[in-house]
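Novice: Let me give you the structure first, and then I'll get to my questions.
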Amino acid sequence: MPVPICIGEDTMPSVYTQARRHLRITRSLKLSTSRKALVMLSIIGVVLYTMFFTTMPVVHDYFHELRHSLMMIPCH
Amino acid sequence: MRHLLFRVRWFSLLSLVIFSAGPVPLHAAPRFTFETQTDLTDAMPQHDPLSIVIKDSAEQTAEGQLIHVQLSAPKSQALSTTDFPVVEGSTLFEANVGMENGTFEFSFVPPIRGRYELKVRPLTANYNLSETTSWSFAIPENPLKVKNLAVFLGILGLISALSGYVLGSTDARPAATASGKRNSPLQARVRPLAKGLVLAVILGTSLGADTAHAHGSESHGAKHSAGPMIVQSNDQSELKVELQVVTGSPRVGVPAKIIGALRNRSGQLIPARFQLRFTQLEHGSEVFAVQIVSPEGNFQWDGQFYDGSTHRIDLEALPLTADANTFGTRASRKTALNVDVEGLAPPVPAIAKSFIALMVFAALSMGLGFTIGRHRKSRVFA
(Lines give C-alpha, C1' and ligand atoms only; values in the text may rest on other atoms or scores of the structure.)
Protein backbone atom coordinates (compact mmCIF):
# COMPACT_ATOMS: atom_id res chain seq x y z
CA MET A 1 0.00 0.00 0.00
CA PRO A 2 1.69 3.26 -1.05
CA VAL A 3 2.37 5.59 1.84
CA PRO A 4 1.79 9.34 1.38
CA ILE A 5 4.86 11.49 2.00
CA CYS A 6 4.36 13.96 4.82
CA ILE A 7 6.25 17.24 4.62
CA GLY A 8 5.19 19.67 7.25
CA GLU A 9 1.47 20.03 7.42
CA ASP A 10 0.90 19.16 3.71
CA THR A 11 0.76 15.60 2.50
CA MET A 12 2.37 14.95 -0.87
CA PRO A 13 1.00 12.14 -2.99
CA SER A 14 3.18 9.06 -3.25
CA VAL A 15 5.50 8.43 -6.16
CA TYR A 16 3.15 5.86 -7.62
CA THR A 17 0.21 8.24 -7.49
CA GLN A 18 2.26 10.92 -9.22
CA ALA A 19 3.37 8.46 -11.88
CA ARG A 20 -0.23 7.42 -12.58
CA ARG A 21 -1.27 11.05 -12.83
CA HIS A 22 1.57 11.81 -15.29
CA LEU A 23 0.62 8.80 -17.40
CA ARG A 24 -2.98 9.94 -17.47
CA ILE A 25 -1.89 13.45 -18.54
CA THR A 26 0.38 12.03 -21.26
CA ARG A 27 -2.39 9.86 -22.66
CA SER A 28 -4.79 12.75 -22.66
CA LEU A 29 -2.43 14.90 -24.70
CA LYS A 30 -3.67 14.65 -28.21
CA LEU A 31 -0.62 15.63 -30.22
CA SER A 32 -0.65 14.83 -33.87
CA THR A 33 2.06 12.57 -35.26
CA SER A 34 3.69 15.41 -37.14
CA ARG A 35 3.96 17.46 -33.97
CA LYS A 36 5.42 14.56 -32.09
CA ALA A 37 8.00 14.16 -34.85
CA LEU A 38 8.74 17.86 -34.70
CA VAL A 39 9.29 17.72 -30.95
CA MET A 40 11.57 14.72 -31.35
CA LEU A 41 13.59 16.43 -34.11
CA SER A 42 13.85 19.55 -31.98
CA ILE A 43 15.28 17.53 -29.12
CA ILE A 44 17.78 15.89 -31.48
CA GLY A 45 18.67 19.30 -32.90
CA VAL A 46 19.26 20.82 -29.49
CA VAL A 47 21.46 17.93 -28.43
CA LEU A 48 23.48 18.04 -31.68
CA TYR A 49 23.92 21.80 -31.50
CA THR A 50 24.99 21.69 -27.87
CA MET A 51 27.50 18.92 -28.45
CA PHE A 52 29.03 20.05 -31.72
CA PHE A 53 28.33 23.66 -32.52
CA THR A 54 27.90 25.78 -29.42
CA THR A 55 30.77 28.13 -28.62
CA MET A 56 30.21 28.22 -24.86
CA PRO A 57 33.73 27.69 -23.50
CA VAL A 58 32.78 24.99 -20.99
CA VAL A 59 30.92 22.88 -23.55
CA HIS A 60 33.42 23.65 -26.33
CA ASP A 61 36.39 22.50 -24.24
CA TYR A 62 34.58 19.35 -23.05
CA PHE A 63 33.66 18.18 -26.55
CA HIS A 64 36.73 19.67 -28.29
CA GLU A 65 38.49 16.41 -29.10
CA LEU A 66 35.23 14.76 -30.17
CA ARG A 67 34.54 17.61 -32.58
CA HIS A 68 37.99 17.31 -34.13
CA SER A 69 37.66 13.55 -34.47
CA LEU A 70 34.68 13.90 -36.81
CA MET A 71 35.10 14.92 -40.40
CA MET A 72 32.53 17.63 -40.90
CA ILE A 73 32.31 19.49 -37.61
CA PRO A 74 33.82 23.00 -37.71
CA CYS A 75 35.67 23.95 -34.56
CA HIS A 76 37.75 27.10 -34.89
CA MET B 1 52.83 7.93 -112.34
CA ARG B 2 56.49 9.03 -112.30
CA HIS B 3 55.42 12.49 -111.05
CA LEU B 4 53.44 10.89 -108.24
CA LEU B 5 56.37 8.75 -107.17
CA PHE B 6 58.64 11.79 -107.22
CA ARG B 7 56.25 13.71 -104.94
CA VAL B 8 55.94 10.76 -102.55
CA ARG B 9 59.73 10.49 -102.27
CA TRP B 10 60.11 14.20 -101.53
CA PHE B 11 57.34 14.06 -98.96
CA SER B 12 58.95 11.04 -97.27
CA LEU B 13 62.34 12.71 -97.21
CA LEU B 14 60.89 15.92 -95.80
CA SER B 15 59.03 13.97 -93.06
CA LEU B 16 62.22 12.12 -92.15
CA VAL B 17 64.09 15.41 -91.73
CA ILE B 18 61.35 17.02 -89.64
CA PHE B 19 60.60 14.12 -87.28
CA SER B 20 64.19 12.99 -86.83
CA ALA B 21 65.08 16.34 -85.22
CA GLY B 22 63.35 15.16 -82.05
CA PRO B 23 60.28 16.44 -80.22
CA VAL B 24 60.05 20.19 -79.93
CA PRO B 25 58.67 21.32 -76.57
CA LEU B 26 55.52 23.41 -76.80
CA HIS B 27 56.75 25.65 -73.98
CA ALA B 28 59.94 26.08 -71.94
CA ALA B 29 60.34 23.86 -68.88
CA PRO B 30 59.64 25.73 -65.61
CA ARG B 31 62.68 27.09 -63.80
CA PHE B 32 61.57 25.91 -60.34
CA THR B 33 60.73 22.37 -59.38
CA PHE B 34 58.65 21.07 -56.49
CA GLU B 35 59.45 18.00 -54.42
CA THR B 36 58.08 16.45 -51.26
CA GLN B 37 60.04 14.29 -48.88
CA THR B 38 57.01 12.09 -48.20
CA ASP B 39 54.35 10.72 -50.48
CA LEU B 40 51.39 13.10 -50.68
CA THR B 41 48.91 10.23 -50.51
CA ASP B 42 50.26 9.44 -47.02
CA ALA B 43 49.90 13.03 -45.81
CA MET B 44 46.99 13.89 -43.53
CA PRO B 45 45.71 17.07 -41.94
CA GLN B 46 46.91 17.77 -38.38
CA HIS B 47 49.23 14.80 -38.50
CA ASP B 48 52.93 14.56 -39.41
CA PRO B 49 54.68 17.57 -40.96
CA LEU B 50 54.97 17.60 -44.73
CA SER B 51 58.39 18.68 -46.07
CA ILE B 52 58.48 20.56 -49.34
CA VAL B 53 61.60 21.44 -51.33
CA ILE B 54 61.70 24.04 -54.07
CA LYS B 55 64.69 23.82 -56.37
CA ASP B 56 66.02 26.21 -58.95
CA SER B 57 66.87 24.29 -62.07
CA ALA B 58 68.96 27.08 -63.59
CA GLU B 59 72.49 26.08 -64.49
CA GLN B 60 74.09 28.84 -62.46
CA THR B 61 72.28 29.91 -59.36
CA ALA B 62 73.74 32.76 -57.39
CA GLU B 63 73.84 32.22 -53.66
CA GLY B 64 71.11 33.89 -51.61
CA GLN B 65 68.97 34.84 -54.58
CA LEU B 66 65.57 35.98 -53.45
CA ILE B 67 62.22 34.43 -54.24
CA HIS B 68 58.74 35.34 -53.13
CA VAL B 69 56.94 32.26 -51.86
CA GLN B 70 53.27 31.97 -50.91
CA LEU B 71 51.25 28.99 -49.65
CA SER B 72 47.45 29.20 -49.74
CA ALA B 73 44.98 26.95 -47.95
CA PRO B 74 42.25 25.08 -49.85
CA LYS B 75 39.18 27.07 -50.76
CA SER B 76 35.81 26.56 -49.07
CA GLN B 77 33.58 23.87 -50.50
CA ALA B 78 29.89 24.43 -51.13
CA LEU B 79 28.48 21.42 -49.33
CA SER B 80 31.06 20.50 -46.71
CA THR B 81 33.25 22.20 -44.18
CA THR B 82 36.50 21.39 -42.42
CA ASP B 83 37.81 21.59 -38.87
CA PHE B 84 39.09 25.13 -39.40
CA PRO B 85 36.67 26.95 -41.69
CA VAL B 86 38.32 30.29 -40.93
CA VAL B 87 41.53 28.99 -42.54
CA GLU B 88 39.82 27.95 -45.78
CA GLY B 89 40.96 30.07 -48.70
CA SER B 90 43.43 32.05 -46.59
CA THR B 91 47.18 32.54 -46.99
CA LEU B 92 49.13 30.21 -44.72
CA PHE B 93 52.41 32.00 -45.22
CA GLU B 94 54.05 34.53 -47.50
CA ALA B 95 57.62 35.81 -47.50
CA ASN B 96 60.67 36.88 -49.49
CA VAL B 97 63.41 34.35 -48.81
CA GLY B 98 66.87 33.58 -50.12
CA MET B 99 67.73 30.27 -51.75
CA GLU B 100 70.77 28.35 -50.52
CA ASN B 101 72.46 26.15 -53.11
CA GLY B 102 69.45 26.79 -55.32
CA THR B 103 67.13 25.20 -52.77
CA PHE B 104 64.43 26.42 -50.42
CA GLU B 105 62.86 23.99 -47.99
CA PHE B 106 60.10 24.19 -45.41
CA SER B 107 57.88 21.78 -43.51
CA PHE B 108 54.36 22.35 -42.28
CA VAL B 109 51.44 20.41 -40.85
CA PRO B 110 48.47 20.77 -43.21
CA PRO B 111 45.58 22.10 -41.14
CA ILE B 112 42.73 20.91 -43.35
CA ARG B 113 42.05 18.55 -46.24
CA GLY B 114 41.84 19.90 -49.77
CA ARG B 115 43.98 21.32 -52.53
CA TYR B 116 46.76 23.66 -51.44
CA GLU B 117 48.41 26.11 -53.79
CA LEU B 118 52.09 27.06 -53.66
CA LYS B 119 53.42 29.98 -55.70
CA VAL B 120 57.03 30.99 -56.26
CA ARG B 121 58.19 34.18 -57.97
CA PRO B 122 61.83 35.20 -58.40
CA LEU B 123 62.80 38.66 -57.20
CA THR B 124 66.37 39.34 -58.29
CA ALA B 125 67.39 41.21 -61.42
CA ASN B 126 68.75 38.28 -63.41
CA TYR B 127 65.44 36.47 -63.31
CA ASN B 128 62.38 37.11 -65.35
CA LEU B 129 60.48 39.16 -62.82
CA SER B 130 57.06 38.28 -64.17
CA GLU B 131 57.60 34.53 -64.00
CA THR B 132 55.43 32.92 -61.36
CA THR B 133 55.51 29.18 -60.91
CA SER B 134 52.64 27.60 -59.06
CA TRP B 135 51.81 24.09 -57.95
CA SER B 136 48.76 22.59 -56.35
CA PHE B 137 48.74 19.45 -54.26
CA ALA B 138 45.86 17.67 -52.57
CA ILE B 139 45.86 16.44 -48.99
CA PRO B 140 43.25 13.74 -48.33
CA GLU B 141 41.19 13.58 -45.15
CA ASN B 142 42.33 11.42 -42.24
CA PRO B 143 40.67 7.99 -42.79
CA LEU B 144 40.07 7.71 -39.06
CA LYS B 145 37.91 10.84 -39.11
CA VAL B 146 35.87 9.45 -41.99
CA LYS B 147 35.37 6.22 -40.05
CA ASN B 148 34.38 8.13 -36.91
CA LEU B 149 31.84 10.13 -38.90
CA ALA B 150 30.37 6.95 -40.34
CA VAL B 151 30.00 5.49 -36.83
CA PHE B 152 28.41 8.70 -35.56
CA LEU B 153 25.96 8.83 -38.47
CA GLY B 154 25.10 5.22 -37.80
CA ILE B 155 24.24 6.00 -34.19
CA LEU B 156 22.29 9.11 -35.14
CA GLY B 157 20.43 7.21 -37.85
CA LEU B 158 19.60 4.42 -35.47
CA ILE B 159 18.20 6.74 -32.82
CA SER B 160 16.20 8.72 -35.38
CA ALA B 161 14.88 5.60 -37.09
CA LEU B 162 13.90 4.09 -33.76
CA SER B 163 12.03 7.27 -32.85
CA GLY B 164 10.29 7.21 -36.19
CA TYR B 165 9.43 3.54 -35.76
CA VAL B 166 7.84 4.19 -32.38
CA LEU B 167 5.88 7.10 -33.82
CA GLY B 168 4.73 5.04 -36.77
CA SER B 169 3.74 1.96 -34.82
CA THR B 170 1.84 3.92 -32.17
CA ASP B 171 0.30 6.40 -34.55
CA ALA B 172 -3.43 6.75 -33.79
CA ARG B 173 -5.72 9.46 -35.03
CA PRO B 174 -6.78 11.54 -32.02
CA ALA B 175 -10.44 10.94 -31.21
CA ALA B 176 -12.68 14.02 -31.36
CA THR B 177 -13.65 15.25 -27.96
CA ALA B 178 -17.22 15.90 -26.92
CA SER B 179 -16.75 19.58 -27.59
CA GLY B 180 -15.48 18.98 -31.10
CA LYS B 181 -11.83 19.62 -31.98
CA ARG B 182 -11.09 22.09 -29.23
CA ASN B 183 -8.02 21.38 -27.15
CA SER B 184 -8.24 20.53 -23.48
CA PRO B 185 -7.19 23.20 -20.98
CA LEU B 186 -4.17 21.04 -20.14
CA GLN B 187 -3.02 21.02 -23.76
CA ALA B 188 -3.47 24.76 -23.91
CA ARG B 189 -1.03 25.08 -20.98
CA VAL B 190 1.50 22.43 -21.94
CA ARG B 191 1.99 23.27 -25.57
CA PRO B 192 3.24 26.86 -25.16
CA LEU B 193 5.32 25.74 -22.21
CA ALA B 194 7.01 23.05 -24.29
CA LYS B 195 7.66 25.48 -27.13
CA GLY B 196 9.04 28.04 -24.76
CA LEU B 197 11.31 25.52 -23.08
CA VAL B 198 12.79 24.37 -26.38
CA LEU B 199 13.33 27.93 -27.55
CA ALA B 200 14.92 28.90 -24.25
CA VAL B 201 17.39 26.04 -24.44
CA ILE B 202 18.31 26.84 -28.04
CA LEU B 203 18.76 30.54 -27.36
CA GLY B 204 20.67 29.89 -24.19
CA THR B 205 23.21 27.68 -25.87
CA SER B 206 23.63 29.83 -28.96
CA LEU B 207 23.91 33.12 -27.10
CA GLY B 208 26.29 31.71 -24.53
CA ALA B 209 29.34 33.07 -26.25
CA ASP B 210 30.07 34.62 -29.64
CA THR B 211 33.77 33.88 -29.75
CA ALA B 212 35.58 30.83 -28.45
CA HIS B 213 38.32 31.45 -25.98
CA ALA B 214 41.75 30.00 -26.65
CA HIS B 215 41.64 26.89 -24.54
CA GLY B 216 44.52 25.77 -22.37
CA SER B 217 46.38 29.01 -22.76
CA GLU B 218 46.38 30.06 -19.12
CA SER B 219 48.65 27.25 -17.98
CA HIS B 220 51.49 27.92 -20.43
CA GLY B 221 52.44 31.46 -19.47
CA ALA B 222 51.66 32.76 -22.93
CA LYS B 223 51.81 36.41 -23.76
CA HIS B 224 48.71 38.08 -25.02
CA SER B 225 49.34 41.53 -26.41
CA ALA B 226 47.56 43.94 -28.68
CA GLY B 227 50.87 45.55 -29.64
CA PRO B 228 54.18 44.22 -30.97
CA MET B 229 55.94 41.55 -28.92
CA ILE B 230 59.74 41.59 -28.93
CA VAL B 231 62.21 39.19 -27.40
CA GLN B 232 65.99 38.88 -27.66
CA SER B 233 68.57 36.27 -26.82
CA ASN B 234 69.91 36.86 -23.34
CA ASP B 235 73.44 35.51 -23.55
CA GLN B 236 76.41 37.86 -23.23
CA SER B 237 77.86 37.13 -26.68
CA GLU B 238 78.78 39.65 -29.34
CA LEU B 239 75.68 38.91 -31.35
CA LYS B 240 72.03 39.00 -30.40
CA VAL B 241 69.10 37.50 -32.23
CA GLU B 242 65.86 39.43 -32.17
CA LEU B 243 62.37 38.03 -32.62
CA GLN B 244 59.41 40.36 -33.05
CA VAL B 245 55.72 39.65 -33.66
CA VAL B 246 54.64 42.99 -35.09
CA THR B 247 50.91 42.36 -35.21
CA GLY B 248 50.65 41.47 -31.53
CA SER B 249 48.92 38.28 -30.46
CA PRO B 250 48.21 36.25 -33.58
CA ARG B 251 44.71 35.42 -34.68
CA VAL B 252 43.44 32.39 -36.59
CA GLY B 253 42.84 33.19 -40.25
CA VAL B 254 45.18 36.19 -40.32
CA PRO B 255 48.93 35.83 -41.00
CA ALA B 256 51.08 37.16 -38.17
CA LYS B 257 53.96 39.43 -39.20
CA ILE B 258 57.14 38.00 -37.70
CA ILE B 259 60.46 39.80 -37.99
CA GLY B 260 63.79 38.26 -37.11
CA ALA B 261 67.21 39.86 -37.08
CA LEU B 262 70.78 39.14 -36.00
CA ARG B 263 72.69 42.17 -34.73
CA ASN B 264 76.03 42.92 -33.17
CA ARG B 265 76.48 45.10 -30.10
CA SER B 266 76.39 48.30 -32.12
CA GLY B 267 73.08 47.32 -33.67
CA GLN B 268 74.46 46.46 -37.08
CA LEU B 269 72.71 43.66 -38.95
CA ILE B 270 74.79 40.54 -39.61
CA PRO B 271 74.11 38.19 -42.55
CA ALA B 272 72.72 34.99 -41.14
CA ARG B 273 70.90 31.76 -41.72
CA PHE B 274 67.74 31.69 -39.61
CA GLN B 275 65.81 28.64 -38.44
CA LEU B 276 62.19 29.52 -37.60
CA ARG B 277 59.90 26.97 -35.92
CA PHE B 278 56.34 27.04 -34.58
CA THR B 279 55.37 24.52 -31.91
CA GLN B 280 51.83 23.99 -30.68
CA LEU B 281 52.22 23.62 -26.93
CA GLU B 282 48.91 21.91 -26.27
CA HIS B 283 50.10 18.73 -28.01
CA GLY B 284 53.79 19.55 -28.04
CA SER B 285 53.94 19.13 -31.82
CA GLU B 286 55.94 21.18 -34.30
CA VAL B 287 53.56 22.62 -36.88
CA PHE B 288 55.95 24.62 -39.04
CA ALA B 289 59.67 24.93 -39.71
CA VAL B 290 61.64 26.88 -42.29
CA GLN B 291 65.25 27.87 -42.89
CA ILE B 292 65.74 31.38 -44.22
CA VAL B 293 68.99 32.67 -45.65
CA SER B 294 69.28 36.43 -45.31
CA PRO B 295 72.30 38.32 -46.67
CA GLU B 296 70.85 41.45 -45.06
CA GLY B 297 70.69 39.93 -41.60
CA ASN B 298 66.93 40.18 -41.12
CA PHE B 299 63.75 38.76 -42.55
CA GLN B 300 60.00 39.21 -42.42
CA TRP B 301 57.74 36.20 -42.34
CA ASP B 302 53.95 36.43 -42.63
CA GLY B 303 52.74 33.13 -41.22
CA GLN B 304 49.38 31.97 -39.94
CA PHE B 305 48.66 29.94 -36.82
CA TYR B 306 45.59 27.89 -37.67
CA ASP B 307 44.80 26.62 -34.17
CA GLY B 308 43.53 28.92 -31.45
CA SER B 309 45.88 27.81 -28.68
CA THR B 310 49.30 28.64 -27.25
CA HIS B 311 52.24 28.32 -29.61
CA ARG B 312 55.97 28.77 -29.15
CA ILE B 313 58.00 30.56 -31.80
CA ASP B 314 61.65 29.48 -31.83
CA LEU B 315 64.23 31.46 -33.76
CA GLU B 316 67.82 30.38 -34.18
CA ALA B 317 70.40 32.41 -36.12
CA LEU B 318 73.80 31.33 -37.42
CA PRO B 319 76.12 33.99 -38.92
CA LEU B 320 76.92 33.39 -42.57
CA THR B 321 80.34 34.99 -42.38
CA ALA B 322 83.33 32.64 -42.41
CA ASP B 323 85.31 34.97 -40.16
CA ALA B 324 84.83 33.36 -36.77
CA ASN B 325 87.28 35.79 -35.17
CA THR B 326 85.00 38.74 -35.84
CA PHE B 327 82.14 37.41 -33.76
CA GLY B 328 83.88 35.00 -31.48
CA THR B 329 82.57 31.52 -31.89
CA ARG B 330 80.15 30.77 -34.72
CA ALA B 331 77.69 29.19 -32.37
CA SER B 332 74.08 29.92 -33.20
CA ARG B 333 72.02 32.33 -31.14
CA LYS B 334 68.57 31.31 -30.02
CA THR B 335 65.49 32.90 -28.64
CA ALA B 336 61.86 31.88 -28.17
CA LEU B 337 58.50 33.48 -27.57
CA ASN B 338 55.21 31.98 -26.39
CA VAL B 339 52.18 33.51 -28.07
CA ASP B 340 48.52 33.09 -27.29
CA VAL B 341 46.73 32.60 -30.60
CA GLU B 342 43.22 33.94 -30.54
CA GLY B 343 40.68 31.46 -31.83
CA LEU B 344 37.50 32.46 -33.58
CA ALA B 345 34.11 30.85 -33.58
CA PRO B 346 33.31 29.13 -36.86
CA PRO B 347 31.42 31.36 -39.30
CA VAL B 348 27.65 30.86 -39.45
CA PRO B 349 27.63 29.40 -43.00
CA ALA B 350 30.06 26.67 -41.93
CA ILE B 351 27.94 25.81 -38.88
CA ALA B 352 24.75 25.92 -40.94
CA LYS B 353 26.13 23.54 -43.56
CA SER B 354 27.01 20.84 -41.05
CA PHE B 355 24.00 21.33 -38.78
CA ILE B 356 21.48 21.27 -41.62
CA ALA B 357 23.14 18.19 -43.10
CA LEU B 358 22.89 16.35 -39.79
CA MET B 359 19.26 17.38 -39.25
CA VAL B 360 18.27 16.34 -42.76
CA PHE B 361 19.93 12.98 -42.17
CA ALA B 362 18.08 12.59 -38.86
CA ALA B 363 14.77 13.57 -40.45
CA LEU B 364 15.22 11.10 -43.31
CA SER B 365 16.11 8.32 -40.86
CA MET B 366 13.07 9.17 -38.78
CA GLY B 367 10.90 9.10 -41.88
CA LEU B 368 12.27 5.71 -42.81
CA GLY B 369 11.60 4.36 -39.31
CA PHE B 370 8.12 5.86 -39.35
CA THR B 371 7.34 4.22 -42.67
CA ILE B 372 8.52 0.86 -41.42
CA GLY B 373 6.50 1.26 -38.21
CA ARG B 374 3.32 2.17 -40.05
CA HIS B 375 3.76 -0.65 -42.52
CA ARG B 376 4.31 -3.15 -39.76
CA LYS B 377 1.31 -1.85 -37.85
CA SER B 378 -0.94 -2.07 -40.89
CA ARG B 379 0.23 -5.63 -41.52
CA VAL B 380 -0.43 -6.66 -37.93
CA PHE B 381 -3.89 -5.17 -37.89
CA ALA B 382 -4.80 -6.09 -41.44
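Every chain in the C-alpha coordinates takes a letter, A first, then B, and so on in the order presented; its residues are numbered from 1, and the ligands are numbered from 1 following the presented order.
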When you get a sec, could you note down which chain A residues fall within 8 Å of chain B, using only C-alpha atoms, as a PyMOL selection string?
Specialist: chain A and resi 29-33+36-37+40-43+45-46+48-50+53-57+60-61+68-76
Novice: Quick one: residues within 6 Å of region 68-74 of chain B, only C-alpha atoms counted, chain neighbours fewer than 2 positions away excluded, as JSON, numbers by chain?
Specialist: {"B": [88, 89, 90, 91, 92, 93, 94, 95, 96, 114, 115, 116, 117, 118, 119, 120, 121]}
Novice: Would you please extract all strand (DSSP E or B) residues from chain A, as assigned by DSSP on the backbone, and give them as a list in words?
Specialist: Ile5, Cys6, Ile7, Asp10, Thr11 and Met12 of chain A
